[in-house]
>>> print(open('my_file-v3.cif').read())   # mmCIF, C-alpha atoms
data_coords
loop_
_atom_site.label_atom_id
_atom_site.label_comp_id
_atom_site.auth_asym_id
_atom_site.auth_seq_id
_atom_site.Cartn_x
_atom_site.Cartn_y
_atom_site.Cartn_z
CA MET Y 34 -20.30 222.00 108.85
CA HIS Y 35 -17.46 219.58 108.26
CA ASP Y 36 -17.15 217.24 111.22
CA ASP Y 37 -15.06 214.07 111.32
CA HIS Y 38 -17.26 212.79 114.12
CA VAL Y 39 -19.60 211.76 111.28
CA LEU Y 40 -17.07 209.04 110.42
CA GLU Y 41 -16.97 208.03 114.06
CA ARG Y 42 -20.73 207.52 113.94
CA LEU Y 43 -20.34 205.57 110.70
CA ALA Y 44 -18.05 203.19 112.57
CA GLU Y 45 -20.88 202.30 114.95
CA PHE Y 46 -22.56 200.19 112.25
CA ASP Y 47 -21.42 196.62 111.65
CA THR Y 48 -21.84 196.77 107.86
CA PRO Y 49 -22.01 199.50 105.20
CA SER Y 50 -25.55 198.41 104.29
CA GLU Y 51 -26.73 198.92 107.86
CA ALA Y 52 -25.20 202.39 107.85
CA VAL Y 53 -26.83 203.64 104.65
CA PRO Y 54 -30.23 204.65 106.15
CA ALA Y 55 -28.57 206.62 108.97
CA PHE Y 56 -27.19 209.32 106.67
CA LEU Y 57 -27.88 211.31 103.54
CA TYR Y 58 -25.38 211.76 100.71
CA ARG Y 59 -24.13 214.15 98.09
CA GLY Y 60 -21.74 213.47 95.21
CA MET Y 61 -19.69 216.31 93.75
CA VAL Y 62 -16.86 216.67 91.27
CA GLY Y 63 -13.54 217.96 92.61
CA SER Y 64 -11.14 216.99 95.35
CA SER Y 65 -11.62 219.72 97.94
CA HIS Y 66 -13.44 219.80 101.28
CA ASP Y 67 -15.18 223.08 100.39
CA PRO Y 68 -18.24 223.87 102.55
CA LEU Y 69 -21.57 222.74 101.16
CA HIS Y 70 -23.94 225.47 100.02
CA ALA Y 71 -27.28 225.87 98.28
CA SER Y 72 -27.56 226.20 94.51
CA GLY Y 73 -27.92 229.70 93.14
CA TYR Y 74 -30.67 228.44 90.81
CA ASP Y 75 -33.18 226.99 93.28
CA GLY Y 76 -31.79 227.90 96.69
CA CYS Y 77 -31.46 224.24 97.72
CA LEU Y 78 -28.67 221.85 98.65
CA TRP Y 79 -29.77 218.54 97.14
CA LEU Y 80 -29.07 215.30 98.98
CA ALA Y 81 -29.71 211.65 98.12
CA TYR Y 82 -30.75 208.71 100.29
CA SER Y 83 -27.96 206.38 99.10
CA PRO Y 84 -24.31 206.60 98.06
CA THR Y 85 -25.12 205.02 94.68
CA VAL Y 86 -27.63 207.69 93.72
CA ALA Y 87 -25.39 210.47 95.05
CA GLN Y 88 -22.44 209.27 92.99
CA THR Y 89 -24.41 209.22 89.73
CA TYR Y 90 -24.25 213.02 90.04
CA ILE Y 91 -20.44 213.03 89.89
CA PRO Y 92 -19.68 213.48 86.16
CA ALA Y 93 -17.74 210.57 84.69
CA SER Y 94 -15.90 212.75 82.15
CA SER Y 95 -16.48 214.38 78.82
CA SER Y 96 -15.78 212.52 75.58
CA THR Y 97 -14.92 213.44 72.02
CA LEU Y 98 -15.36 211.24 68.95
CA LEU Y 99 -12.07 210.59 67.14
CA ARG Y 100 -12.04 208.86 63.77
CA VAL Y 101 -9.21 207.81 61.45
CA SER Y 102 -9.84 205.89 58.23
CA SER Y 103 -7.68 202.86 57.49
CA TRP Y 104 -6.31 204.40 54.29
CA SER Y 105 -5.01 207.52 56.06
CA MET Y 106 -2.95 205.81 58.79
CA ASP Y 107 0.29 206.65 56.94
CA ASP Y 108 -0.70 210.29 56.33
CA LEU Y 109 0.83 213.10 58.34
CA VAL Y 110 -1.54 214.63 60.87
CA ARG Y 111 -3.25 217.77 59.58
CA PRO Y 112 -2.84 220.65 62.06
CA GLN Y 113 -6.15 221.64 63.58
CA LEU Y 114 -6.57 224.74 65.73
CA ASN Y 115 -9.49 226.03 67.75
CA CYS Y 116 -9.44 229.69 66.87
CA THR Y 117 -11.14 231.05 70.00
CA PRO Y 118 -8.45 231.24 71.34
CA PRO Y 119 -6.03 229.50 68.97
CA ARG Y 120 -4.92 226.19 70.44
CA PRO Y 121 -4.45 222.63 69.16
CA ASP Y 122 -7.68 220.72 68.66
CA GLY Y 123 -8.80 217.19 67.77
CA LEU Y 124 -6.16 214.62 66.87
CA TYR Y 125 -3.58 217.38 66.49
CA ALA Y 126 -4.15 218.27 70.16
CA LEU Y 127 -3.48 214.64 71.06
CA ALA Y 128 -0.21 214.78 69.11
CA VAL Y 129 0.87 217.88 71.03
CA GLN Y 130 -0.14 216.28 74.35
CA LEU Y 131 1.98 213.23 73.52
CA GLY Y 132 5.02 215.43 72.94
CA TYR Y 133 5.28 215.32 69.16
CA PRO Y 134 6.72 218.47 67.55
CA GLU Y 135 4.15 221.01 66.39
CA ALA Y 136 3.65 222.00 62.77
CA GLU Y 137 5.25 225.25 61.66
CA ASN Y 138 4.27 228.05 59.25
CA ILE Y 139 0.65 226.93 59.16
CA GLU Y 140 -1.55 228.61 56.55
CA PHE Y 141 -5.33 228.26 56.49
CA ASP Y 142 -7.91 228.33 53.74
CA ARG Y 143 -11.02 230.51 53.81
CA LEU Y 144 -12.87 227.82 55.81
CA GLY Y 145 -10.24 227.83 58.55
CA ARG Y 146 -8.69 224.49 57.61
CA ALA Y 147 -4.92 224.05 57.53
CA ASP Y 148 -3.95 224.35 53.85
CA SER Y 149 -0.17 224.16 54.11
CA TRP Y 150 2.39 223.71 56.87
CA ARG Y 151 5.94 222.64 57.52
CA THR Y 152 6.58 219.38 59.38
CA PRO Y 153 9.69 219.20 61.60
CA PRO Y 154 11.56 215.92 62.13
CA GLY Y 155 9.58 213.43 64.20
CA TYR Y 156 6.20 214.84 63.14
CA PRO Y 157 3.49 212.13 63.61
CA LYS Y 158 1.31 210.17 61.25
CA TYR Y 159 -2.28 209.31 62.08
CA GLY Y 160 -1.28 205.70 62.68
CA ASP Y 161 1.16 206.84 65.39
CA LEU Y 162 -1.68 208.50 67.28
CA VAL Y 163 -4.03 205.56 66.86
CA ARG Y 164 -1.43 203.20 68.32
CA HIS Y 165 -1.02 205.54 71.29
CA LEU Y 166 -4.80 205.43 71.79
CA VAL Y 167 -4.71 201.65 71.70
CA GLY Y 168 -2.12 201.84 74.48
CA MET Y 169 -4.61 203.98 76.42
CA GLY Y 170 -7.17 201.20 76.22
CA TYR Y 171 -9.20 202.15 73.13
CA PRO Y 172 -10.07 199.26 70.78
CA TRP Y 173 -8.75 198.99 67.22
CA GLU Y 174 -7.86 196.23 64.79
CA GLU Y 175 -4.88 196.65 62.45
CA GLY Y 176 -6.06 197.40 58.93
CA ARG Y 177 -9.46 198.73 60.06
CA ASP Y 178 -10.84 202.23 60.55
CA PHE Y 179 -10.41 203.69 64.04
CA SER Y 180 -13.47 205.20 65.72
CA ALA Y 181 -13.88 205.76 69.46
CA TRP Y 182 -15.33 208.14 72.00
CA VAL Y 183 -12.17 209.22 73.77
CA ARG Y 184 -12.31 210.47 77.36
CA ILE Y 185 -11.18 214.05 77.93
CA GLU Y 186 -10.76 216.23 80.99
CA HIS Y 187 -10.83 220.03 80.93
CA VAL Y 188 -7.66 221.22 82.68
CA GLU Y 189 -6.59 224.88 82.84
CA GLY Y 190 -8.42 225.87 79.67
CA ARG Y 191 -7.50 222.88 77.53
CA ASP Y 192 -8.81 219.38 76.89
CA VAL Y 193 -6.53 216.59 78.08
CA PHE Y 194 -7.02 213.12 76.60
CA ARG Y 195 -7.43 210.38 79.19
CA PRO Y 196 -7.35 206.56 79.12
CA ASN Y 197 -10.44 204.52 78.32
CA GLY Y 198 -12.57 204.21 81.45
CA PHE Y 199 -11.19 207.40 83.03
CA LYS Y 200 -13.46 209.01 85.62
CA LYS Y 201 -13.14 212.47 87.11
CA GLU Y 202 -12.10 212.74 90.71
CA GLY Y 203 -14.94 213.67 93.03
CA ARG Y 204 -16.09 213.36 96.61
CA LEU Y 205 -18.92 211.61 98.40
CA PHE Y 206 -20.30 213.65 101.29
CA VAL Y 207 -21.76 211.61 104.15
CA ILE Y 208 -24.25 213.86 105.93
CA ASP Y 209 -25.66 213.57 109.44
CA GLY Y 210 -28.28 215.57 111.28
CA VAL Y 211 -30.96 215.77 108.58
CA SER Y 212 -33.33 213.63 110.67
CA ASP Y 213 -33.45 216.48 113.22
CA LEU Y 214 -34.70 218.97 110.63
CA ARG Y 215 -38.25 219.93 109.69
CA LEU Y 216 -38.84 218.69 106.14
CA TYR Y 217 -41.90 219.12 103.93
CA ASP Y 218 -42.63 215.81 102.19
CA HIS Y 219 -43.86 216.72 98.72
CA ALA Y 220 -43.09 213.21 97.44
CA ALA Y 221 -45.43 211.33 99.80
CA GLY Y 222 -48.02 209.24 97.99
CA SER Y 223 -46.85 210.09 94.49
CA ASP Y 224 -44.39 208.96 91.83
CA GLY Y 225 -42.08 211.15 89.82
CA ASP Y 226 -43.32 212.58 86.52
CA LEU Y 227 -40.73 213.35 83.83
CA MET Y 228 -43.28 215.64 82.16
CA ASP Y 229 -43.66 217.69 85.35
CA VAL Y 230 -40.46 217.32 87.35
CA ASP Y 231 -40.43 218.42 90.97
CA TYR Y 232 -36.97 219.96 90.87
CA HIS Y 233 -38.19 222.91 88.79
CA LYS Y 234 -40.99 223.89 91.22
CA LEU Y 235 -39.16 226.93 92.54
CA LYS Y 236 -42.34 228.70 93.68
CA LEU Y 237 -43.22 225.69 95.86
CA PHE Y 238 -39.74 225.73 97.40
CA ARG Y 239 -40.05 229.37 98.41
CA GLU Y 240 -43.54 228.86 99.81
CA VAL Y 241 -42.38 225.92 101.92
CA GLU Y 242 -39.33 227.85 103.09
CA ALA Y 243 -41.53 230.79 104.08
CA GLU Y 244 -43.60 228.44 106.25
CA GLY Y 245 -40.50 227.70 108.33
CA TYR Y 246 -39.44 224.33 106.93
CA ASP Y 247 -35.76 223.47 106.72
CA GLY Y 248 -36.13 221.64 103.44
CA ILE Y 249 -38.31 219.64 101.09
CA VAL Y 250 -38.50 216.00 99.93
CA ILE Y 251 -39.24 215.56 96.21
CA ASN Y 252 -39.44 212.86 93.56
CA ASP Y 253 -36.30 213.14 91.46
CA PHE Y 254 -34.49 211.47 88.56
CA CYS Y 255 -30.81 210.73 88.02
CA GLN Y 256 -29.52 210.12 84.51
CA THR Y 257 -27.50 206.97 83.83
CA ASP Y 258 -25.86 205.51 80.74
CA ASN Y 259 -27.09 201.96 81.38
CA HIS Y 260 -30.64 202.56 82.64
CA GLY Y 261 -31.68 206.00 81.42
CA ASN Y 262 -33.61 208.10 83.93
CA VAL Y 263 -33.77 206.38 87.33
CA GLY Y 264 -36.37 207.62 89.79
CA HIS Y 265 -35.42 208.33 93.40
CA ARG Y 266 -36.23 210.73 96.21
CA SER Y 267 -34.12 213.75 97.08
CA VAL Y 268 -33.98 216.14 100.00
CA GLY Y 269 -33.45 219.81 99.23
CA LEU Y 270 -32.15 221.77 102.22
CA PHE Y 271 -32.70 225.51 102.28
CA GLU Y 272 -29.73 227.79 102.92
CA HIS Y 273 -30.65 228.56 106.53
CA ALA Y 274 -30.67 224.84 107.40
CA ILE Y 275 -27.20 223.98 106.10
CA PRO Y 276 -25.36 225.11 109.28
CA LYS Y 277 -27.49 222.59 111.20
CA ILE Y 278 -26.03 219.54 109.46
CA ARG Y 279 -22.70 217.80 109.91
CA TYR Y 280 -20.74 216.05 107.20
CA ALA Y 281 -17.51 214.35 106.21
CA SER Y 282 -16.34 213.51 102.71
CA VAL Y 283 -14.30 210.79 101.04
CA PRO Y 284 -12.79 210.47 97.53
CA ALA Y 285 -15.27 209.05 95.02
CA VAL Y 286 -16.01 208.74 91.30
CA HIS Y 287 -19.10 208.41 89.13
CA TRP Y 288 -21.34 205.40 89.77
CA GLU Y 289 -23.25 203.34 87.21
CA TRP Y 290 -25.50 200.41 88.01
CA PRO Y 291 -24.42 197.49 85.78
CA GLU Y 292 -26.45 197.12 82.61
CA ASP Y 293 -27.56 193.60 83.50
CA GLU Y 294 -28.69 194.46 87.05
CA ARG Y 295 -31.56 196.34 88.61
CA CYS Y 296 -30.91 199.76 90.15
CA SER Y 297 -31.31 198.43 93.68
CA ALA Y 298 -27.71 198.53 94.95
CA LEU Y 299 -27.23 201.19 97.63
CA VAL Y 300 -23.55 200.82 98.53
CA THR Y 301 -20.58 201.91 96.41
CA PRO Y 302 -16.96 200.75 96.75
CA GLU Y 303 -16.02 204.17 98.09
CA PHE Y 304 -18.65 203.99 100.84
CA GLU Y 305 -17.52 200.48 101.72
CA GLN Y 306 -13.95 201.75 102.00
CA ALA Y 307 -15.06 204.70 104.13
CA HIS Y 308 -16.89 202.34 106.49
CA GLU Y 309 -13.91 200.00 106.71
CA THR Y 310 -11.53 202.90 107.40
CA ALA Y 311 -13.87 204.35 110.03
CA ARG Y 312 -14.21 200.98 111.75
CA SER Y 313 -10.44 200.58 111.84
CA ALA Y 314 -9.95 204.08 113.24
CA PHE Y 315 -12.79 204.31 115.74
CA ALA Y 316 -14.49 200.99 116.48
CA MET Y 317 -11.77 199.71 118.77
CA GLN Y 318 -11.26 202.96 120.66
CA PRO Y 319 -12.45 202.99 124.31
#
>>> encode(input="my_file-v3.cif", output="structure tokens")
Amino acid sequence: MHDDHVLERLAEFDTPSEAVPAFLYRGMVGSSHDPLHASGYDGCLWLAYSPTVAQTYIPASSSTLLRVSSWSMDDLVRPQLNCTPPRPDGLYALAVQLGYPEAENIEFDRLGRADSWRTPPGYPKYGDLVRHLVGMGYPWEEGRDFSAWVRIEHVEGRDVFRPNGFKKEGRLFVIDGVSDLRLYDHAAGSDGDLMDVDYHKLKLFREVEAEGYDGIVINDFCQTDNHGNVGHRSVGLFEHAIPKIRYASVPAVHWEWPEDERCSALVTPEFEQAHETARSAFAMQP
């Protein structure tokens, strides 16, 4: 259950690094404090041993590849609609998002491409959109083709273009009480195997649960952009054990270990901030 006393316990540690082994962690997309629950797929609530690993599971964002050739920068933007349901798509969607007037009287060819349309005053050219993207942090040199993976966020049924480096809002759950539970250690004495991953061993999970365990420890892998699959250990709590744990959550975003560093860092900026805030709120109380 949610319990702010978890943050009070966090404040007992002098540094964030000292606090890391005392808790387990879960990273999730979204901004709410919704109760934690087991997955419908495997019946487990998966937890990590460090904030860094947990936050790799918060999606950074989706991306879409946008390209504009140098010779078409002065061309008017061709309307593009996603027909299921009809709504602006691609660069045309960006134009609509930026507040440019929409094309009128659009007619399509047999392949579904805009064949003719009327352009109201102020209708954009491709170069207008590219310069807006540059203002959002995407690289381009005047006179060259534009090509970039542009960050998008799915909001109320539509894709919203976001600045370069945008990351979805998520939460880091700091979880206490797992050390009091009865866990089956399936990871002991073995390394993870990408050809036979532990997280798909649903029959094993049900057998262990039937024997009265509260959860299972497995070898796991998180996927990263800079380092590929990174091995780590995870704890899967069964549904009946979730009411036995206590947790608090703080705002967080996706974590990536830097490309030129090993994947050994355990502490994220968000966990550091949570520790600092907890120390300020609780450490000096009598």
>>> closest_atom_pairs(input="my_file-v3.cif", of="range 191-250 of chain Y", to="range 264-270 of chain Y", cutoff="7 Å", atoms="all atoms listed in the file", output="Markdown table")
| residue | atom | partner | partner_atom | distance |
| --- | --- | --- | --- | --- |
| Y:Gly225 | CA | Y:Gly264 | CA | 6.7 |
| Y:Asp247 | CA | Y:Leu270 | CA | 6.0 |
| Y:Gly248 | CA | Y:Leu270 | CA | 4.2 |
| Y:Ile249 | CA | Y:Gly269 | CA | 5.2 |
| Y:Val250 | CA | Y:Val268 | CA | 4.5 |
>>> residues_around(input="my_file-v3.cif", residues="Pro84 in chain Y", least_positions_apart="4", cutoff="8 Å", atoms="only C-alpha atoms", output="JSON, numbers by chain")
{"Y": [53, 58, 59, 60, 88, 205, 299, 300, 301, 304]}
>>> closest_residue(input="my_file-v3.cif", among="Y:Val110, Y:Ala93, Y:Val39, Y:Ile251", to="Ser149 in chain Y", atoms="only C-alpha atoms")
Y:Val110
>>> closest_atom_pairs(input="my_file-v3.cif", of="range 55-151 of chain Y", to="range 177-197 of chain Y", cutoff="8 Å", atoms="all atoms listed in the file", output="JSON lines")
{"residue": "Y:Ser94", "atom": "CA", "partner": "Y:Glu186", "partner_atom": "CA", "distance": 6.3}
{"residue": "Y:Ser95", "atom": "CA", "partner": "Y:Ile185", "partner_atom": "CA", "distance": 5.4}
{"residue": "Y:Ser96", "atom": "CA", "partner": "Y:Arg184", "partner_atom": "CA", "distance": 4.4}
{"residue": "Y:Thr97", "atom": "CA", "partner": "Y:Trp182", "partner_atom": "CA", "distance": 5.3}
{"residue": "Y:Leu98", "atom": "CA", "partner": "Y:Trp182", "partner_atom": "CA", "distance": 4.3}
{"residue": "Y:Leu99", "atom": "CA", "partner": "Y:Ala181", "partner_atom": "CA", "distance": 5.7}
{"residue": "Y:Arg100", "atom": "CA", "partner": "Y:Ser180", "partner_atom": "CA", "distance": 4.4}
{"residue": "Y:Val101", "atom": "CA", "partner": "Y:Phe179", "partner_atom": "CA", "distance": 5.0}
{"residue": "Y:Ser102", "atom": "CA", "partner": "Y:Asp178", "partner_atom": "CA", "distance": 4.4}
{"residue": "Y:Ser103", "atom": "CA", "partner": "Y:Asp178", "partner_atom": "CA", "distance": 4.4}
{"residue": "Y:Leu127", "atom": "CA", "partner": "Y:Phe194", "partner_atom": "CA", "distance": 6.7}
{"residue": "Y:Gln130", "atom": "CA", "partner": "Y:Val193", "partner_atom": "CA", "distance": 7.4}
>>> residues_around(input="my_file-v3.cif", residues="range 133-137 of chain Y", least_positions_apart="3", cutoff="6 Å", atoms="only C-alpha atoms", output="list in words")
Ala128, Val129, Trp150, Arg151, Thr152 and Tyr156 of chain Y
>>> closest_residue(input="my_file-v3.cif", among="Y:Ser223, Y:Tyr171, Y:Phe206, Y:Asp122", to="Arg279 in chain Y", atoms="only C-alpha atoms")
Y:Phe206
>>> atom_distance(input="my_file-v3.cif", atom1="CA of Arg42 in chain Y", atom2="CA of Leu214 in chain Y")
18.4 Å
>>> resolve_selection(input="my_file-v3.cif", expression="the PyMOL selection byres ((chain Y and resi 242-245) around 12)", output="PyMOL selection string")
chain Y and resi 75-77+214-217+235-241+246-249+269-274
>>> resolve_selection(input="my_file-v3.cif", expression="the PyMOL selection byres ((chain Y and resi 89-92) around 7)", output="tab-separated table (two decimals) with C-alpha atoms, in the frame of the given file")
chain	number	residue	atom	x	y	z
Y	60	GLY	CA	-21.74	213.47	95.21
Y	61	MET	CA	-19.69	216.31	93.75
Y	62	VAL	CA	-16.86	216.67	91.27
Y	85	THR	CA	-25.12	205.02	94.68
Y	86	VAL	CA	-27.63	207.69	93.72
Y	87	ALA	CA	-25.39	210.47	95.05
Y	88	GLN	CA	-22.44	209.27	92.99
Y	93	ALA	CA	-17.74	210.57	84.69
Y	94	SER	CA	-15.90	212.75	82.15
Y	201	LYS	CA	-13.14	212.47	87.11
Y	203	GLY	CA	-14.94	213.67	93.03
Y	255	CYS	CA	-30.81	210.73	88.02
Y	286	VAL	CA	-16.01	208.74	91.30
Y	287	HIS	CA	-19.10	208.41	89.13
Y	288	TRP	CA	-21.34	205.40	89.77
Y	289	GLU	CA	-23.25	203.34	87.21
>>> residues_around(input="my_file-v3.cif", residues="Met34 in chain Y", least_positions_apart="6", cutoff="8 Å", atoms="all atoms listed in the file", output="ChimeraX atom specification")
/Y:68-69,275-280
>>> atom_distance(input="my_file-v3.cif", atom1="CA of Asn262 in chain Y", atom2="CA of Leu227 in chain Y")
8.8 Å
>>> atom_distance(input="my_file-v3.cif", atom1="CA of Arg204 in chain Y", atom2="CA of Gly63 in chain Y")
6.6 Å
>>> resolve_selection(input="my_file-v3.cif", expression="the PyMOL selection byres ((chain Y and resi 41) around 9)", output="list in words")
Asp37, His38, Val39, Leu40, Arg42, Leu43, Ala44, Glu45, Ala311, Arg312, Ala314, Phe315 and Ala316 of chain Y
>>> residues_around(input="my_file-v3.cif", residues="Asp226 in chain Y", least_positions_apart="3", cutoff="10 Å", atoms="only C-alpha atoms", output="CSV table (one decimal) with C-alpha atoms, in the coordinates of the input")
chain,number,residue,atom,x,y,z
Y,223,SER,CA,-46.8,210.1,94.5
Y,229,ASP,CA,-43.7,217.7,85.4
Y,230,VAL,CA,-40.5,217.3,87.4
Y,231,ASP,CA,-40.4,218.4,91.0
Y,252,ASN,CA,-39.4,212.9,93.6
Y,253,ASP,CA,-36.3,213.1,91.5
Y,254,PHE,CA,-34.5,211.5,88.6
Y,264,GLY,CA,-36.4,207.6,89.8
>>> axis_aligned_box(input="my_file-v3.cif", around="range 207-210 of chain Y", padding_each_side="6 Å", output="AutoDock Vina command-line options")
--center_x -25.0 --center_y 213.6 --center_z 107.7 --size_x 18.5 --size_y 16.0 --size_z 19.1
>>> residues_near_point(input="my_file-v3.cif", point="(-31.3, 209.4, 99.7)", cutoff="6 Å", atoms="only C-alpha atoms", output="list in words")
Leu57, Ala81, Tyr82, Ser83 and Ser267 of chain Y
>>> residues_near_point(input="my_file-v3.cif", point="(-14.2, 223.9, 63.6)", cutoff="10 Å", atoms="only C-alpha atoms", output="tab-separated table (two decimals) with C-alpha atoms, in the coordinates of the input")
chain	number	residue	atom	x	y	z
Y	113	GLN	CA	-6.15	221.64	63.58
Y	114	LEU	CA	-6.57	224.74	65.73
Y	115	ASN	CA	-9.49	226.03	67.75
Y	116	CYS	CA	-9.44	229.69	66.87
Y	122	ASP	CA	-7.68	220.72	68.66
Y	123	GLY	CA	-8.80	217.19	67.77
Y	144	LEU	CA	-12.87	227.82	55.81
Y	145	GLY	CA	-10.24	227.83	58.55
Y	146	ARG	CA	-8.69	224.49	57.61
>>> closest_residue(input="my_file-v3.cif", among="Y:Asn259, Y:Arg120, Y:Ala307, Y:Phe46", to="Arg295 in chain Y", atoms="only C-alpha atoms")
Y:Asn259
>>> decode(input="my_file-v3.cif", residues="range 271-296 of chain Y", atoms="N, CA and C atoms", output="PDB file, in the first residue's frame")
ATOM      1  N   PHE Y 271       3.952 -12.101  -6.168  1.00  0.00           N
ATOM      2  CA  PHE Y 271       2.651 -12.620  -6.545  1.00  0.00           C
ATOM      3  C   PHE Y 271       1.553 -11.739  -5.953  1.00  0.00           C
ATOM      4  N   GLU Y 272       0.374 -11.820  -6.543  1.00  0.00           N
ATOM      5  CA  GLU Y 272      -0.714 -10.904  -6.175  1.00  0.00           C
ATOM      6  C   GLU Y 272      -1.006 -10.899  -4.678  1.00  0.00           C
ATOM      7  N   HIS Y 273      -0.976 -12.065  -4.045  1.00  0.00           N
ATOM      8  CA  HIS Y 273      -1.345 -12.121  -2.628  1.00  0.00           C
ATOM      9  C   HIS Y 273      -0.327 -11.411  -1.731  1.00  0.00           C
ATOM     10  N   ALA Y 274       0.896 -11.185  -2.264  1.00  0.00           N
ATOM     11  CA  ALA Y 274       1.940 -10.575  -1.444  1.00  0.00           C
ATOM     12  C   ALA Y 274       1.946  -9.051  -1.535  1.00  0.00           C
ATOM     13  N   ILE Y 275       1.296  -8.495  -2.533  1.00  0.00           N
ATOM     14  CA  ILE Y 275       1.377  -7.048  -2.746  1.00  0.00           C
ATOM     15  C   ILE Y 275       0.840  -6.250  -1.556  1.00  0.00           C
ATOM     16  N   PRO Y 276      -0.249  -6.669  -0.895  1.00  0.00           N
ATOM     17  CA  PRO Y 276      -0.701  -5.905   0.279  1.00  0.00           C
ATOM     18  C   PRO Y 276       0.312  -5.889   1.431  1.00  0.00           C
ATOM     19  N   LYS Y 277       1.323  -6.732   1.382  1.00  0.00           N
ATOM     20  CA  LYS Y 277       2.298  -6.805   2.462  1.00  0.00           C
ATOM     21  C   LYS Y 277       3.416  -5.764   2.324  1.00  0.00           C
ATOM     22  N   ILE Y 278       3.516  -5.135   1.165  1.00  0.00           N
ATOM     23  CA  ILE Y 278       4.592  -4.164   0.957  1.00  0.00           C
ATOM     24  C   ILE Y 278       4.072  -2.735   1.150  1.00  0.00           C
ATOM     25  N   ARG Y 279       5.020  -1.834   1.339  1.00  0.00           N
ATOM     26  CA  ARG Y 279       4.708  -0.414   1.476  1.00  0.00           C
ATOM     27  C   ARG Y 279       5.530   0.353   0.444  1.00  0.00           C
ATOM     28  N   TYR Y 280       4.967   1.414  -0.093  1.00  0.00           N
ATOM     29  CA  TYR Y 280       5.704   2.138  -1.121  1.00  0.00           C
ATOM     30  C   TYR Y 280       5.283   3.599  -1.171  1.00  0.00           C
ATOM     31  N   ALA Y 281       6.213   4.403  -1.682  1.00  0.00           N
ATOM     32  CA  ALA Y 281       5.959   5.797  -2.033  1.00  0.00           C
ATOM     33  C   ALA Y 281       6.510   5.998  -3.436  1.00  0.00           C
ATOM     34  N   SER Y 282       6.062   7.046  -4.105  1.00  0.00           N
ATOM     35  CA  SER Y 282       6.536   7.268  -5.470  1.00  0.00           C
ATOM     36  C   SER Y 282       6.894   8.725  -5.680  1.00  0.00           C
ATOM     37  N   VAL Y 283       7.815   8.944  -6.617  1.00  0.00           N
ATOM     38  CA  VAL Y 283       8.278  10.290  -6.947  1.00  0.00           C
ATOM     39  C   VAL Y 283       8.308  10.426  -8.469  1.00  0.00           C
ATOM     40  N   PRO Y 284       8.173  11.652  -8.995  1.00  0.00           N
ATOM     41  CA  PRO Y 284       8.245  11.838 -10.451  1.00  0.00           C
ATOM     42  C   PRO Y 284       9.602  11.359 -10.992  1.00  0.00           C
ATOM     43  N   ALA Y 285       9.576  10.768 -12.175  1.00  0.00           N
ATOM     44  CA  ALA Y 285      10.800  10.232 -12.771  1.00  0.00           C
ATOM     45  C   ALA Y 285      10.616  10.103 -14.275  1.00  0.00           C
ATOM     46  N   VAL Y 286      11.739   9.978 -14.987  1.00  0.00           N
ATOM     47  CA  VAL Y 286      11.718   9.748 -16.432  1.00  0.00           C
ATOM     48  C   VAL Y 286      12.664   8.593 -16.752  1.00  0.00           C
ATOM     49  N   HIS Y 287      12.669   8.219 -18.010  1.00  0.00           N
ATOM     50  CA  HIS Y 287      13.511   7.120 -18.491  1.00  0.00           C
ATOM     51  C   HIS Y 287      14.992   7.373 -18.179  1.00  0.00           C
ATOM     52  N   TRP Y 288      15.685   6.292 -17.830  1.00  0.00           N
ATOM     53  CA  TRP Y 288      17.117   6.355 -17.536  1.00  0.00           C
ATOM     54  C   TRP Y 288      17.904   5.613 -18.604  1.00  0.00           C
ATOM     55  N   GLU Y 289      19.031   6.191 -18.985  1.00  0.00           N
ATOM     56  CA  GLU Y 289      20.005   5.525 -19.857  1.00  0.00           C
ATOM     57  C   GLU Y 289      21.390   5.679 -19.253  1.00  0.00           C
ATOM     58  N   TRP Y 290      22.132   4.577 -19.126  1.00  0.00           N
ATOM     59  CA  TRP Y 290      23.536   4.712 -18.755  1.00  0.00           C
ATOM     60  C   TRP Y 290      24.280   5.360 -19.927  1.00  0.00           C
ATOM     61  N   PRO Y 291      25.167   6.312 -19.657  1.00  0.00           N
ATOM     62  CA  PRO Y 291      25.905   6.959 -20.753  1.00  0.00           C
ATOM     63  C   PRO Y 291      26.651   5.943 -21.604  1.00  0.00           C
ATOM     64  N   GLU Y 292      26.775   6.260 -22.874  1.00  0.00           N
ATOM     65  CA  GLU Y 292      27.381   5.327 -23.826  1.00  0.00           C
ATOM     66  C   GLU Y 292      28.829   5.013 -23.480  1.00  0.00           C
ATOM     67  N   ASP Y 293      29.529   5.975 -22.888  1.00  0.00           N
ATOM     68  CA  ASP Y 293      30.946   5.789 -22.604  1.00  0.00           C
ATOM     69  C   ASP Y 293      31.207   5.327 -21.174  1.00  0.00           C
ATOM     70  N   GLU Y 294      30.163   4.836 -20.491  1.00  0.00           N
ATOM     71  CA  GLU Y 294      30.329   4.354 -19.123  1.00  0.00           C
ATOM     72  C   GLU Y 294      29.772   2.941 -18.985  1.00  0.00           C
ATOM     73  N   ARG Y 295      30.253   2.243 -17.966  1.00  0.00           N
ATOM     74  CA  ARG Y 295      29.704   0.927 -17.655  1.00  0.00           C
ATOM     75  C   ARG Y 295      28.333   1.099 -17.006  1.00  0.00           C
ATOM     76  N   CYS Y 296      27.566   0.012 -16.996  1.00  0.00           N
ATOM     77  CA  CYS Y 296      26.207   0.055 -16.438  1.00  0.00           C
ATOM     78  C   CYS Y 296      26.235  -0.244 -14.944  1.00  0.00           C
TER      79      CYS Y 296
END
